[in-house]
file data-v8.pdb (PDB, C-alpha atoms)
ATOM      1  CA  MET B   1      36.127  35.786 -82.367
ATOM      2  CA  MET B   2      38.916  35.121 -79.838
ATOM      3  CA  ARG B   3      37.320  37.533 -77.357
ATOM      4  CA  TYR B   4      33.993  35.662 -77.761
ATOM      5  CA  LEU B   5      35.646  32.339 -77.028
ATOM      6  CA  GLN B   6      37.417  33.732 -73.960
ATOM      7  CA  CYS B   7      34.135  35.060 -72.595
ATOM      8  CA  LEU B   8      32.352  31.774 -73.257
ATOM      9  CA  THR B   9      35.127  29.871 -71.517
ATOM     10  CA  GLY B  10      34.834  32.135 -68.470
ATOM     11  CA  VAL B  11      31.101  31.487 -68.186
ATOM     12  CA  MET B  12      31.032  27.731 -68.824
ATOM     13  CA  GLY B  13      34.333  26.589 -67.386
ATOM     14  CA  VAL B  14      37.367  25.126 -69.119
ATOM     15  CA  LEU B  15      36.383  23.751 -72.536
ATOM     16  CA  PHE B  16      38.028  22.074 -75.513
ATOM     17  CA  PHE B  17      37.154  23.670 -78.857
ATOM     18  CA  THR B  18      37.385  21.616 -82.021
ATOM     19  CA  THR B  19      36.167  22.448 -85.517
ATOM     20  CA  ASP B  20      33.030  20.347 -85.053
ATOM     21  CA  VAL B  21      32.387  19.674 -81.363
ATOM     22  CA  LEU B  22      32.398  21.594 -78.114
ATOM     23  CA  LEU B  23      33.747  19.219 -75.459
ATOM     24  CA  ALA B  24      33.699  19.647 -71.692
ATOM     25  CA  VAL B  25      36.808  18.639 -69.802
ATOM     26  CA  ASP B  26      36.517  15.549 -67.616
ATOM     27  CA  LYS B  27      39.355  14.763 -65.253
ATOM     28  CA  ILE B  28      40.604  11.205 -64.714
ATOM     29  CA  TYR B  29      42.979  10.719 -61.808
ATOM     30  CA  MET B  30      45.192   7.643 -62.072
ATOM     31  CA  LYS B  31      46.503   5.816 -59.015
ATOM     32  CA  GLY B  32      49.821   7.209 -57.846
ATOM     33  CA  SER B  33      49.480  10.467 -59.781
ATOM     34  CA  SER B  34      48.157  13.861 -58.703
ATOM     35  CA  THR B  35      47.987  15.155 -62.279
ATOM     36  CA  PRO B  36      44.768  14.153 -64.058
ATOM     37  CA  THR B  37      44.287  13.169 -67.650
ATOM     38  CA  GLU B  38      41.926  15.776 -69.077
ATOM     39  CA  GLY B  39      39.509  15.151 -71.893
ATOM     40  CA  ALA B  40      35.967  14.021 -72.583
ATOM     41  CA  ILE B  41      34.986  10.521 -71.476
ATOM     42  CA  LEU B  42      33.385   8.849 -74.471
ATOM     43  CA  LYS B  43      32.594   5.284 -73.409
ATOM     44  CA  VAL B  44      33.642   2.584 -70.986
ATOM     45  CA  GLU B  45      34.783  -0.706 -72.477
ATOM     46  CA  ASP B  46      35.251  -3.978 -70.552
ATOM     47  CA  ALA B  47      38.575  -2.965 -68.970
ATOM     48  CA  SER B  48      39.295   0.538 -70.250
ATOM     49  CA  VAL B  49      37.720   3.928 -70.811
ATOM     50  CA  ARG B  50      37.977   5.862 -74.055
ATOM     51  CA  VAL B  51      38.824   9.539 -73.646
ATOM     52  CA  GLN B  52      38.717  12.251 -76.319
ATOM     53  CA  LEU B  53      41.749  14.518 -75.884
ATOM     54  CA  GLY B  54      40.438  17.741 -77.357
ATOM     55  CA  GLY B  55      41.290  17.874 -81.027
ATOM     56  CA  VAL B  56      44.317  15.558 -80.833
ATOM     57  CA  GLY B  57      42.642  12.163 -80.914
ATOM     58  CA  GLU B  58      41.653   9.560 -78.328
ATOM     59  CA  THR B  59      43.370   7.510 -75.658
ATOM     60  CA  ALA B  60      42.359   4.440 -73.626
ATOM     61  CA  LEU B  61      42.930   4.316 -69.873
ATOM     62  CA  GLN B  62      42.805   1.127 -67.828
ATOM     63  CA  ILE B  63      39.908   1.242 -65.372
ATOM     64  CA  ALA B  64      41.838  -0.756 -62.779
ATOM     65  CA  ASN B  65      44.352   2.097 -62.554
ATOM     66  CA  ILE B  66      41.804   4.904 -62.138
ATOM     67  CA  GLU B  67      41.581   6.444 -58.665
ATOM     68  CA  ARG B  68      38.634   8.784 -59.291
ATOM     69  CA  VAL B  69      36.967  10.863 -61.979
ATOM     70  CA  GLU B  70      35.459  14.322 -62.155
ATOM     71  CA  VAL B  71      32.851  14.610 -64.896
ATOM     72  CA  SER B  72      32.117  18.208 -65.850
ATOM     73  CA  PRO B  73      29.310  18.826 -66.257
ATOM     74  CA  ARG B  74      27.333  15.826 -65.110
ATOM     75  CA  PRO B  75      24.799  14.548 -67.659
ATOM     76  CA  ALA B  76      21.882  16.992 -67.748
ATOM     77  CA  THR B  77      19.386  14.122 -67.970
ATOM     78  CA  LEU B  78      20.621  12.380 -64.799
ATOM     79  CA  PRO B  79      18.197  14.048 -62.313
ATOM     80  CA  ALA B  80      15.202  13.238 -64.522
ATOM     81  CA  GLY B  81      16.334   9.626 -64.844
ATOM     82  CA  LEU B  82      16.783   9.200 -61.106
ATOM     83  CA  LYS B  83      13.409  10.869 -60.479
ATOM     84  CA  ALA B  84      11.716   8.502 -62.932
ATOM     85  CA  ALA B  85      13.337   5.537 -61.197
ATOM     86  CA  GLY B  86      12.169   6.775 -57.789
ATOM     87  CA  GLU B  87       8.629   7.147 -59.095
ATOM     88  CA  HIS B  88       8.722   3.642 -60.644
ATOM     89  CA  LYS B  89       8.336   5.041 -64.156
ATOM     90  CA  VAL B  90      10.278   2.088 -65.440
ATOM     91  CA  GLN B  91      10.544   2.723 -69.162
ATOM     92  CA  ASP B  92      11.328   6.412 -68.665
ATOM     93  CA  ALA B  93      14.069   5.483 -66.199
ATOM     94  CA  ILE B  94      15.590   2.932 -68.572
ATOM     95  CA  LYS B  95      15.454   5.268 -71.565
ATOM     96  CA  THR B  96      17.139   8.081 -69.634
ATOM     97  CA  LEU B  97      19.667   6.219 -67.494
ATOM     98  CA  GLU B  98      20.832   3.596 -69.988
ATOM     99  CA  PRO B  99      22.950   5.919 -72.187
ATOM    100  CA  ILE B 100      24.522   7.497 -69.094
ATOM    101  CA  TYR B 101      25.358   4.048 -67.743
ATOM    102  CA  THR B 102      26.831   2.961 -71.083
ATOM    103  CA  GLN B 103      29.126   5.976 -71.154
ATOM    104  CA  TYR B 104      30.297   5.930 -67.533
ATOM    105  CA  ARG B 105      29.622   2.483 -65.994
ATOM    106  CA  GLY B 106      32.159   1.214 -63.481
ATOM    107  CA  LEU B 107      33.978   4.522 -63.018
ATOM    108  CA  PRO B 108      34.667   5.536 -59.392
ATOM    109  CA  GLU B 109      32.129   8.288 -58.752
ATOM    110  CA  ALA B 110      29.134   8.193 -56.369
ATOM    111  CA  TRP B 111      26.524   9.430 -58.866
ATOM    112  CA  ILE B 112      27.643   6.797 -61.387
ATOM    113  CA  GLU B 113      27.085   4.131 -58.719
ATOM    114  CA  GLU B 114      23.578   5.462 -58.055
ATOM    115  CA  CYS B 115      22.749   5.686 -61.759
ATOM    116  CA  SER B 116      23.872   2.079 -62.222
ATOM    117  CA  ALA B 117      21.931   0.781 -59.224
ATOM    118  CA  ARG B 118      18.689   2.518 -60.218
ATOM    119  CA  LEU B 119      18.993   1.313 -63.800
ATOM    120  CA  GLY B 120      19.447  -2.238 -62.525
ATOM    121  CA  GLU B 121      16.312  -1.900 -60.413
ATOM    122  CA  ALA B 122      14.444  -0.612 -63.473
ATOM    123  CA  TYR B 123      15.585  -3.655 -65.459
ATOM    124  CA  VAL B 124      14.236  -5.867 -62.670
ATOM    125  CA  ALA B 125      10.908  -4.010 -62.657
ATOM    126  CA  ALA B 126      10.753  -4.488 -66.435
ATOM    127  CA  GLN B 127      11.549  -8.190 -65.910
ATOM    128  CA  ASP B 128      14.612  -7.906 -68.119
ATOM    129  CA  TRP B 129      16.368 -10.445 -65.922
ATOM    130  CA  ALA B 130      19.435 -11.029 -68.104
ATOM    131  CA  LYS B 131      20.278  -7.327 -68.397
ATOM    132  CA  ALA B 132      19.719  -6.851 -64.679
ATOM    133  CA  ARG B 133      22.007  -9.732 -63.769
ATOM    134  CA  GLU B 134      24.749  -8.506 -66.118
ATOM    135  CA  LEU B 135      24.571  -5.007 -64.636
ATOM    136  CA  PHE B 136      24.644  -6.281 -61.048
ATOM    137  CA  VAL B 137      27.658  -8.507 -61.760
ATOM    138  CA  ARG B 138      29.514  -5.515 -63.182
ATOM    139  CA  PHE B 139      28.460  -3.343 -60.255
ATOM    140  CA  GLN B 140      29.682  -5.805 -57.620
ATOM    141  CA  LYS B 141      33.037  -6.046 -59.359
ATOM    142  CA  ALA B 142      33.430  -2.276 -59.758
ATOM    143  CA  TYR B 143      32.061  -1.177 -56.364
ATOM    144  CA  PRO B 144      32.597  -3.967 -53.801
ATOM    145  CA  GLN B 145      32.357  -1.533 -50.854
ATOM    146  CA  SER B 146      29.436   0.504 -52.165
ATOM    147  CA  GLU B 147      26.828   1.776 -49.713
ATOM    148  CA  LEU B 148      24.293   0.422 -52.214
ATOM    149  CA  ARG B 149      25.633  -3.150 -52.061
ATOM    150  CA  ASP B 150      22.623  -4.476 -50.100
ATOM    151  CA  SER B 151      20.252  -3.152 -52.756
ATOM    152  CA  ILE B 152      22.443  -4.666 -55.448
ATOM    153  CA  GLN B 153      22.468  -8.070 -53.742
ATOM    154  CA  SER B 154      18.702  -7.940 -53.350
ATOM    155  CA  GLY B 155      18.339  -7.011 -57.020
ATOM    156  CA  MET B 156      20.693  -9.797 -58.054
ATOM    157  CA  ALA B 157      18.550 -12.300 -56.158
ATOM    158  CA  GLN B 158      15.432 -11.019 -57.916
ATOM    159  CA  ALA B 159      17.147 -11.427 -61.276
ATOM    160  CA  LEU B 160      18.243 -14.964 -60.425
ATOM    161  CA  PHE B 161      14.735 -15.911 -59.339
ATOM    162  CA  GLY B 162      13.404 -14.422 -62.561
ATOM    163  CA  LEU B 163      15.925 -16.537 -64.461
ATOM    164  CA  LYS B 164      14.466 -19.600 -62.684
ATOM    165  CA  GLN B 165      17.420 -20.077 -60.349
ATOM    166  CA  PRO B 166      15.670 -19.983 -56.937
ATOM    167  CA  GLU B 167      18.402 -21.986 -55.191
ATOM    168  CA  GLU B 168      21.016 -19.431 -56.238
ATOM    169  CA  ALA B 169      18.696 -16.619 -55.191
ATOM    170  CA  LEU B 170      18.306 -18.192 -51.738
ATOM    171  CA  LYS B 171      22.074 -18.288 -51.297
ATOM    172  CA  LEU B 172      22.084 -14.511 -51.563
ATOM    173  CA  LEU B 173      18.839 -13.726 -49.768
ATOM    174  CA  GLU B 174      19.081 -15.715 -46.549
ATOM    175  CA  PRO B 175      22.414 -14.230 -45.383
ATOM    176  CA  LEU B 176      21.398 -10.754 -46.583
ATOM    177  CA  VAL B 177      18.150 -10.751 -44.594
ATOM    178  CA  ALA B 178      19.717 -12.417 -41.549
ATOM    179  CA  GLY B 179      22.591  -9.925 -41.532
ATOM    180  CA  LEU B 180      20.401  -6.832 -41.800
ATOM    181  CA  GLU B 181      18.011  -8.126 -39.132
ATOM    182  CA  LYS B 182      20.931  -8.152 -36.677
ATOM    183  CA  GLU B 183      21.639  -4.466 -37.245
ATOM    184  CA  ALA B 184      20.469  -2.126 -34.473
ATOM    185  CA  THR B 185      19.564   0.492 -37.055
ATOM    186  CA  ILE B 186      19.368   0.399 -40.821
ATOM    187  CA  SER B 187      19.229   3.163 -43.397
ATOM    188  CA  ASP B 188      16.208   3.872 -45.574
ATOM    189  CA  GLU B 189      18.146   2.386 -48.488
ATOM    190  CA  GLN B 190      18.674  -0.830 -46.503
ATOM    191  CA  ASN B 191      15.017  -0.877 -45.429
ATOM    192  CA  ARG B 192      13.955  -0.817 -49.065
ATOM    193  CA  ALA B 193      16.545  -3.453 -49.937
ATOM    194  CA  ILE B 194      15.470  -5.892 -47.225
ATOM    195  CA  GLY B 195      11.775  -5.281 -47.961
ATOM    196  CA  ARG B 196      12.325  -6.252 -51.577
ATOM    197  CA  ALA B 197      14.581  -9.130 -50.506
ATOM    198  CA  CYS B 198      11.899 -10.545 -48.192
ATOM    199  CA  VAL B 199       9.379 -10.557 -51.045
ATOM    200  CA  THR B 200      11.781 -12.485 -53.264
ATOM    201  CA  LEU B 201      12.617 -14.778 -50.351
ATOM    202  CA  GLY B 202       8.898 -15.446 -49.948
ATOM    203  CA  HIS B 203       8.632 -16.404 -53.609
ATOM    204  CA  CYS B 204      11.595 -18.762 -53.248
ATOM    205  CA  TYR B 205      10.028 -20.495 -50.240
ATOM    206  CA  LYS B 206       6.650 -20.625 -51.968
ATOM    207  CA  ALA B 207       8.234 -22.304 -54.995
ATOM    208  CA  ALA B 208       9.737 -24.865 -52.617
ATOM    209  CA  GLN B 209       6.261 -25.401 -51.044
ATOM    210  CA  LYS B 210       7.420 -23.978 -47.703
ATOM    211  CA  ASP B 211       4.286 -21.946 -47.150
ATOM    212  CA  ASP B 212       4.867 -21.039 -43.502
ATOM    213  CA  GLN B 213       8.316 -19.636 -44.245
ATOM    214  CA  ALA B 214       6.992 -17.866 -47.328
ATOM    215  CA  LEU B 215       4.216 -16.206 -45.322
ATOM    216  CA  ASP B 216       6.671 -15.112 -42.644
ATOM    217  CA  ALA B 217       8.901 -13.515 -45.288
ATOM    218  CA  PHE B 218       6.010 -11.653 -46.944
ATOM    219  CA  LEU B 219       4.695 -10.371 -43.602
ATOM    220  CA  LYS B 220       8.105  -8.988 -42.656
ATOM    221  CA  THR B 221       7.840  -6.640 -45.603
ATOM    222  CA  THR B 222       4.333  -5.487 -44.718
ATOM    223  CA  VAL B 223       5.121  -4.948 -41.024
ATOM    224  CA  LEU B 224       8.819  -4.073 -40.745
ATOM    225  CA  TYR B 225      10.347  -3.151 -44.094
ATOM    226  CA  TYR B 226       7.676  -1.033 -45.717
ATOM    227  CA  LEU B 227       9.494   1.841 -47.420
ATOM    228  CA  ASP B 228       9.222   0.283 -50.892
ATOM    229  CA  GLY B 229       5.525   0.679 -51.647
ATOM    230  CA  ASN B 230       5.595  -1.703 -54.605
ATOM    231  CA  ALA B 231       7.212  -4.409 -52.491
ATOM    232  CA  VAL B 232       4.590  -3.926 -49.765
ATOM    233  CA  ALA B 233       1.715  -4.226 -52.249
ATOM    234  CA  GLU B 234       3.163  -7.418 -53.673
ATOM    235  CA  ALA B 235       3.754  -8.830 -50.182
ATOM    236  CA  GLN B 236       0.177  -8.020 -49.167
ATOM    237  CA  TYR B 237      -1.204  -9.764 -52.241
ATOM    238  CA  GLU B 238       1.002 -12.838 -51.875
ATOM    239  CA  SER B 239       0.319 -13.167 -48.157
ATOM    240  CA  ALA B 240      -3.428 -12.930 -48.867
ATOM    241  CA  LEU B 241      -3.138 -15.878 -51.258
ATOM    242  CA  LEU B 242      -1.330 -17.901 -48.616
ATOM    243  CA  PHE B 243      -3.851 -16.989 -45.904
ATOM    244  CA  GLU B 244      -6.625 -18.105 -48.257
ATOM    245  CA  LYS B 245      -4.796 -21.378 -48.894
ATOM    246  CA  MET B 246      -4.555 -21.863 -45.117
ATOM    247  CA  ASN B 247      -8.314 -21.141 -44.842
ATOM    248  CA  ASN B 248      -7.680 -18.001 -42.788
ATOM    249  CA  LEU B 249     -10.118 -15.902 -44.781
ATOM    250  CA  ALA B 250     -10.279 -13.033 -42.300
ATOM    251  CA  ARG B 251      -6.534 -12.425 -42.599
ATOM    252  CA  ALA B 252      -6.664 -12.858 -46.374
ATOM    253  CA  ARG B 253      -9.432 -10.288 -46.609
ATOM    254  CA  GLY B 254      -7.545  -7.911 -44.310
ATOM    255  CA  GLN B 255      -4.399  -8.025 -46.440
ATOM    256  CA  LEU B 256      -6.358  -7.359 -49.626
ATOM    257  CA  GLU B 257      -8.296  -4.485 -48.077
ATOM    258  CA  ASP B 258      -5.060  -2.929 -46.806
ATOM    259  CA  LEU B 259      -3.547  -3.231 -50.283
ATOM    260  CA  LEU B 260      -6.499  -1.517 -51.953
ATOM    261  CA  LYS B 261      -6.545   1.228 -49.331
ATOM    262  CA  GLU B 262      -2.800   1.910 -49.269
ATOM    263  CA  SER B 263      -1.809   1.187 -52.892
ATOM    264  CA  PRO B 264      -4.882   1.610 -55.135
ATOM    265  CA  GLY B 265      -2.692   2.390 -58.136
ATOM    266  CA  SER B 266      -0.312  -0.539 -57.757
ATOM    267  CA  ALA B 267       0.137  -3.310 -60.291
ATOM    268  CA  PHE B 268      -1.549  -5.698 -57.853
ATOM    269  CA  ALA B 269      -4.668  -3.626 -57.159
ATOM    270  CA  ALA B 270      -6.837  -5.057 -59.944
ATOM    271  CA  GLU B 271      -6.068  -8.663 -59.031
ATOM    272  CA  ALA B 272      -6.527  -7.863 -55.344
ATOM    273  CA  LYS B 273     -10.014  -6.490 -56.064
ATOM    274  CA  LYS B 274     -10.951  -9.628 -58.017
ATOM    275  CA  LYS B 275      -9.625 -11.865 -55.268
ATOM    276  CA  LEU B 276     -11.412  -9.897 -52.542
ATOM    277  CA  ASP B 277     -14.708 -10.117 -54.421
ATOM    278  CA  SER B 278     -14.260 -13.878 -54.864
ATOM    279  CA  LEU B 279     -13.645 -14.656 -51.181
ATOM    280  CA  PRO B 280     -16.584 -16.219 -49.312
ATOM    281  CA  SER B 281     -18.301 -13.821 -46.966
ATOM    282  CA  GLU B 282     -17.674 -14.175 -43.240
ATOM    283  CA  GLY B 283     -19.663 -17.039 -41.784
ATOM    284  CA  ALA B 284     -20.211 -18.731 -45.141
ATOM    285  CA  LYS B 285     -19.746 -22.480 -45.193
ATOM    286  CA  LEU B 286     -16.920 -23.758 -47.380
TER     287      LEU B 286
END
call {"tool": "encode", "arguments": {"input": "data-v8.pdb", "output": "structure tokens"}}
result
Amino acid sequence: MMRYLQCLTGVMGVLFFTTDVLLAVDKIYMKGSSTPTEGAILKVEDASVRVQLGGVGETALQIANIERVEVSPRPATLPAGLKAAGEHKVQDAIKTLEPIYTQYRGLPEAWIEECSARLGEAYVAAQDWAKARELFVRFQKAYPQSELRDSIQSGMAQALFGLKQPEEALKLLEPLVAGLEKEATISDEQNRAIGRACVTLGHCYKAAQKDDQALDAFLKTTVLYYLDGNAVAEAQYESALLFEKMNNLARARGQLEDLLKESPGSAFAAEAKKKLDSLPSEGAKL
């Protein structure tokens, strides 16, 4: 039996064996110490993380004092969850990423940041505004210098608008968009963030009956910040409605036709088809 355990340890890495559970060893490095606490991370609480120390019980470590963590192995379901999020399979993403987030949220590790951000975006897509806002607040506190902070700010603004707080959303969106527009180059992540932000900005302006500013915001997504296909489809649909309101039927028709050609499977395709069919033909008297 001992020889079997030694062989298994050599194949799978260092493991804790208890009478009931086989636990991988996570390493938690505290600030000011080069020697990690080793155990299995069980769950993150508001200010601490619970760690199973092999077969000798649990301990709680203060998150504020953690320098970094090494989770071994990473959750096996993480790649599938991130893939589902990237493919806008919202419920699959939430179902897969939520338990990972619950166990590891706020810990200093890049893949935990990404898991958190993509789960927040899935909450937004599912219109679970309260959960999205709570996650984004936690994220901003835990990762103030994250490379994903623009996406998080954009998502926070979407959540606030969904919670019927357009003024608060504007306070986040206007400086975010203005700041990124000044950048000589932006990453693909930032392109997606500003594309989504411009759509939400357009909705905020539209709610305030500032149609010209709303149209400008929507068109920025369709022309400049087009890497988020869902955001582009929504911007095309919303700009078509504004063009129709302004009696520019040719531009309205063009936006709807582009939407149906480029995003036939989007959530806006059916409504775009109805709207296109309802527009007066060219040359018709209104």
call {"tool": "resolve_selection", "arguments": {"input": "data-v8.pdb", "expression": "the PyMOL selection byres ((chain B and resi 216-230) around 9)", "output": "number ranges by chain"}}
result
B: 88, 188-203, 205, 211-215, 231-236, 238-239, 262-263, 266-268
call {"tool": "closest_atom_pairs", "arguments": {"input": "data-v8.pdb", "of": "segment 23-138 of chain B", "to": "segment 151-168 of chain B", "cutoff": "10 Å", "atoms": "only C-alpha atoms", "output": "JSON lines"}}
result
{"residue": "B:Ser116", "atom": "CA", "partner": "B:Ile152", "partner_atom": "CA", "distance": 9.7}
{"residue": "B:Ala117", "atom": "CA", "partner": "B:Ile152", "partner_atom": "CA", "distance": 6.6}
{"residue": "B:Arg118", "atom": "CA", "partner": "B:Ile152", "partner_atom": "CA", "distance": 9.4}
{"residue": "B:Gly120", "atom": "CA", "partner": "B:Gly155", "partner_atom": "CA", "distance": 7.4}
{"residue": "B:Glu121", "atom": "CA", "partner": "B:Gly155", "partner_atom": "CA", "distance": 6.5}
{"residue": "B:Ala122", "atom": "CA", "partner": "B:Gly155", "partner_atom": "CA", "distance": 9.9}
{"residue": "B:Tyr123", "atom": "CA", "partner": "B:Ala159", "partner_atom": "CA", "distance": 9.0}
{"residue": "B:Val124", "atom": "CA", "partner": "B:Ala159", "partner_atom": "CA", "distance": 6.4}
{"residue": "B:Ala125", "atom": "CA", "partner": "B:Gln158", "partner_atom": "CA", "distance": 9.6}
{"residue": "B:Gln127", "atom": "CA", "partner": "B:Gly162", "partner_atom": "CA", "distance": 7.3}
{"residue": "B:Asp128", "atom": "CA", "partner": "B:Ala159", "partner_atom": "CA", "distance": 8.1}
{"residue": "B:Trp129", "atom": "CA", "partner": "B:Ala159", "partner_atom": "CA", "distance": 4.8}
{"residue": "B:Ala130", "atom": "CA", "partner": "B:Ala159", "partner_atom": "CA", "distance": 7.2}
{"residue": "B:Lys131", "atom": "CA", "partner": "B:Ala159", "partner_atom": "CA", "distance": 8.8}
{"residue": "B:Ala132", "atom": "CA", "partner": "B:Ala159", "partner_atom": "CA", "distance": 6.3}
{"residue": "B:Arg133", "atom": "CA", "partner": "B:Ala159", "partner_atom": "CA", "distance": 5.7}
{"residue": "B:Glu134", "atom": "CA", "partner": "B:Met156", "partner_atom": "CA", "distance": 9.1}
{"residue": "B:Leu135", "atom": "CA", "partner": "B:Met156", "partner_atom": "CA", "distance": 9.0}
{"residue": "B:Phe136", "atom": "CA", "partner": "B:Met156", "partner_atom": "CA", "distance": 6.1}
{"residue": "B:Val137", "atom": "CA", "partner": "B:Met156", "partner_atom": "CA", "distance": 8.0}
call {"tool": "atom_distance", "arguments": {"input": "data-v8.pdb", "atom1": "atom CA of Ala60 of chain B", "atom2": "atom CA of Lys27 of chain B"}}
result
13.6 Å
call {"tool": "atom_distance", "arguments": {"input": "data-v8.pdb", "atom1": "atom CA of Tyr143 of chain B", "atom2": "atom CA of Val49 of chain B"}}
result
16.3 Å
call {"tool": "residues_around", "arguments": {"input": "data-v8.pdb", "residues": "Glu113 of chain B", "least_positions_apart": "3", "cutoff": "12 Å", "atoms": "all atoms listed in the file", "output": "ChimeraX atom specification"}}
result
/B:82,97,100-101,104-110,116-120,135-136,138-149,151-152
call {"tool": "write_last_selection", "arguments": {"input": "data-v8.pdb", "atoms": "C-alpha atoms", "output": "short mmCIF file (atom, residue, chain, number, x, y, z; two decimals), keeping the file's coordinate frame"}}
result
data_model
loop_
_atom_site.label_atom_id
_atom_site.label_comp_id
_atom_site.auth_asym_id
_atom_site.auth_seq_id
_atom_site.Cartn_x
_atom_site.Cartn_y
_atom_site.Cartn_z
CA LEU B 82 16.78 9.20 -61.11
CA LEU B 97 19.67 6.22 -67.49
CA ILE B 100 24.52 7.50 -69.09
CA TYR B 101 25.36 4.05 -67.74
CA TYR B 104 30.30 5.93 -67.53
CA ARG B 105 29.62 2.48 -65.99
CA GLY B 106 32.16 1.21 -63.48
CA LEU B 107 33.98 4.52 -63.02
CA PRO B 108 34.67 5.54 -59.39
CA GLU B 109 32.13 8.29 -58.75
CA ALA B 110 29.13 8.19 -56.37
CA SER B 116 23.87 2.08 -62.22
CA ALA B 117 21.93 0.78 -59.22
CA ARG B 118 18.69 2.52 -60.22
CA LEU B 119 18.99 1.31 -63.80
CA GLY B 120 19.45 -2.24 -62.52
CA LEU B 135 24.57 -5.01 -64.64
CA PHE B 136 24.64 -6.28 -61.05
CA ARG B 138 29.51 -5.52 -63.18
CA PHE B 139 28.46 -3.34 -60.26
CA GLN B 140 29.68 -5.80 -57.62
CA LYS B 141 33.04 -6.05 -59.36
CA ALA B 142 33.43 -2.28 -59.76
CA TYR B 143 32.06 -1.18 -56.36
CA PRO B 144 32.60 -3.97 -53.80
CA GLN B 145 32.36 -1.53 -50.85
CA SER B 146 29.44 0.50 -52.16
CA GLU B 147 26.83 1.78 -49.71
CA LEU B 148 24.29 0.42 -52.21
CA ARG B 149 25.63 -3.15 -52.06
CA SER B 151 20.25 -3.15 -52.76
CA ILE B 152 22.44 -4.67 -55.45
#
call {"tool": "atom_distance", "arguments": {"input": "data-v8.pdb", "atom1": "atom CA of Ala40 of chain B", "atom2": "atom CA of Asp26 of chain B"}}
result
5.2 Å
call {"tool": "resolve_selection", "arguments": {"input": "data-v8.pdb", "expression": "the PyMOL selection byres ((chain B and resi 92) around 12)", "output": "list of chain:residue names"}}
result
B:Thr77, B:Leu78, B:Ala80, B:Gly81, B:Leu82, B:Lys83, B:Ala84, B:Ala85, B:Gly86, B:Glu87, B:His88, B:Lys89, B:Val90, B:Gln91, B:Ala93, B:Ile94, B:Lys95, B:Thr96, B:Leu97, B:Glu98, B:Arg118, B:Leu119, B:Ala122, B:Tyr123, B:Ala126
call {"tool": "write_last_selection", "arguments": {"input": "data-v8.pdb", "atoms": "C-alpha atoms", "output": "PDB file, in the coordinates of the input"}}
result
ATOM      1  CA  THR B  77      19.386  14.122 -67.970  1.00  0.00           C
ATOM      2  CA  LEU B  78      20.621  12.380 -64.799  1.00  0.00           C
ATOM      3  CA  ALA B  80      15.202  13.238 -64.522  1.00  0.00           C
ATOM      4  CA  GLY B  81      16.334   9.626 -64.844  1.00  0.00           C
ATOM      5  CA  LEU B  82      16.783   9.200 -61.106  1.00  0.00           C
ATOM      6  CA  LYS B  83      13.409  10.869 -60.479  1.00  0.00           C
ATOM      7  CA  ALA B  84      11.716   8.502 -62.932  1.00  0.00           C
ATOM      8  CA  ALA B  85      13.337   5.537 -61.197  1.00  0.00           C
ATOM      9  CA  GLY B  86      12.169   6.775 -57.789  1.00  0.00           C
ATOM     10  CA  GLU B  87       8.629   7.147 -59.095  1.00  0.00           C
ATOM     11  CA  HIS B  88       8.722   3.642 -60.644  1.00  0.00           C
ATOM     12  CA  LYS B  89       8.336   5.041 -64.156  1.00  0.00           C
ATOM     13  CA  VAL B  90      10.278   2.088 -65.440  1.00  0.00           C
ATOM     14  CA  GLN B  91      10.544   2.723 -69.162  1.00  0.00           C
ATOM     15  CA  ALA B  93      14.069   5.483 -66.199  1.00  0.00           C
ATOM     16  CA  ILE B  94      15.590   2.932 -68.572  1.00  0.00           C
ATOM     17  CA  LYS B  95      15.454   5.268 -71.565  1.00  0.00           C
ATOM     18  CA  THR B  96      17.139   8.081 -69.634  1.00  0.00           C
ATOM     19  CA  LEU B  97      19.667   6.219 -67.494  1.00  0.00           C
ATOM     20  CA  GLU B  98      20.832   3.596 -69.988  1.00  0.00           C
ATOM     21  CA  ARG B 118      18.689   2.518 -60.218  1.00  0.00           C
ATOM     22  CA  LEU B 119      18.993   1.313 -63.800  1.00  0.00           C
ATOM     23  CA  ALA B 122      14.444  -0.612 -63.473  1.00  0.00           C
ATOM     24  CA  TYR B 123      15.585  -3.655 -65.459  1.00  0.00           C
ATOM     25  CA  ALA B 126      10.753  -4.488 -66.435  1.00  0.00           C
TER      26      ALA B 126
END
call {"tool": "closest_residue", "arguments": {"input": "data-v8.pdb", "among": "B:Asn65, B:Thr185, B:Gln255, B:Ser281", "to": "Ser33 of chain B", "atoms": "all atoms listed in the file"}}
result
B:Asn65
call {"tool": "residues_around", "arguments": {"input": "data-v8.pdb", "residues": "Leu241 of chain B", "least_positions_apart": "5", "cutoff": "10 Å", "atoms": "all atoms listed in the file", "output": "PyMOL selection string"}}
result
chain B and resi 215+235-236+246-249+251-253+255-256+272+275
call {"tool": "closest_residue", "arguments": {"input": "data-v8.pdb", "among": "B:Lys182, B:Pro175, B:Lys210, B:Asp46", "to": "Leu242 of chain B", "atoms": "only C-alpha atoms"}}
result
B:Lys210
call {"tool": "residues_around", "arguments": {"input": "data-v8.pdb", "residues": "Leu53 of chain B", "least_positions_apart": "5", "cutoff": "7 Å", "atoms": "all atoms listed in the file", "output": "list in words"}}
result
Glu38, Gly39, Ala40 and Glu58 of chain B
call {"tool": "axis_aligned_box", "arguments": {"input": "data-v8.pdb", "around": "segment 28-41 of chain B", "padding_each_side": "3 Å", "output": "JSON"}}
result
{"center_x": 42.4, "center_y": 10.8, "center_z": -65.2, "size_x": 20.8, "size_y": 16.0, "size_z": 20.7}
call {"tool": "closest_residue", "arguments": {"input": "data-v8.pdb", "among": "B:Ile66, B:Leu276, B:Glu271, B:Tyr237", "to": "Ala250 of chain B", "atoms": "all atoms listed in the file"}}
result
B:Leu276
call {"tool": "residues_around", "arguments": {"input": "data-v8.pdb", "residues": "Gln103 of chain B", "least_positions_apart": "5", "cutoff": "8 Å", "atoms": "only C-alpha atoms", "output": "compact mmCIF listing (two decimals) with C-alpha atoms, in the coordinates of the input"}}
result
# COMPACT_ATOMS: atom_id res chain seq x y z
CA ILE B 41 34.99 10.52 -71.48
CA LEU B 42 33.38 8.85 -74.47
CA LYS B 43 32.59 5.28 -73.41
CA VAL B 44 33.64 2.58 -70.99
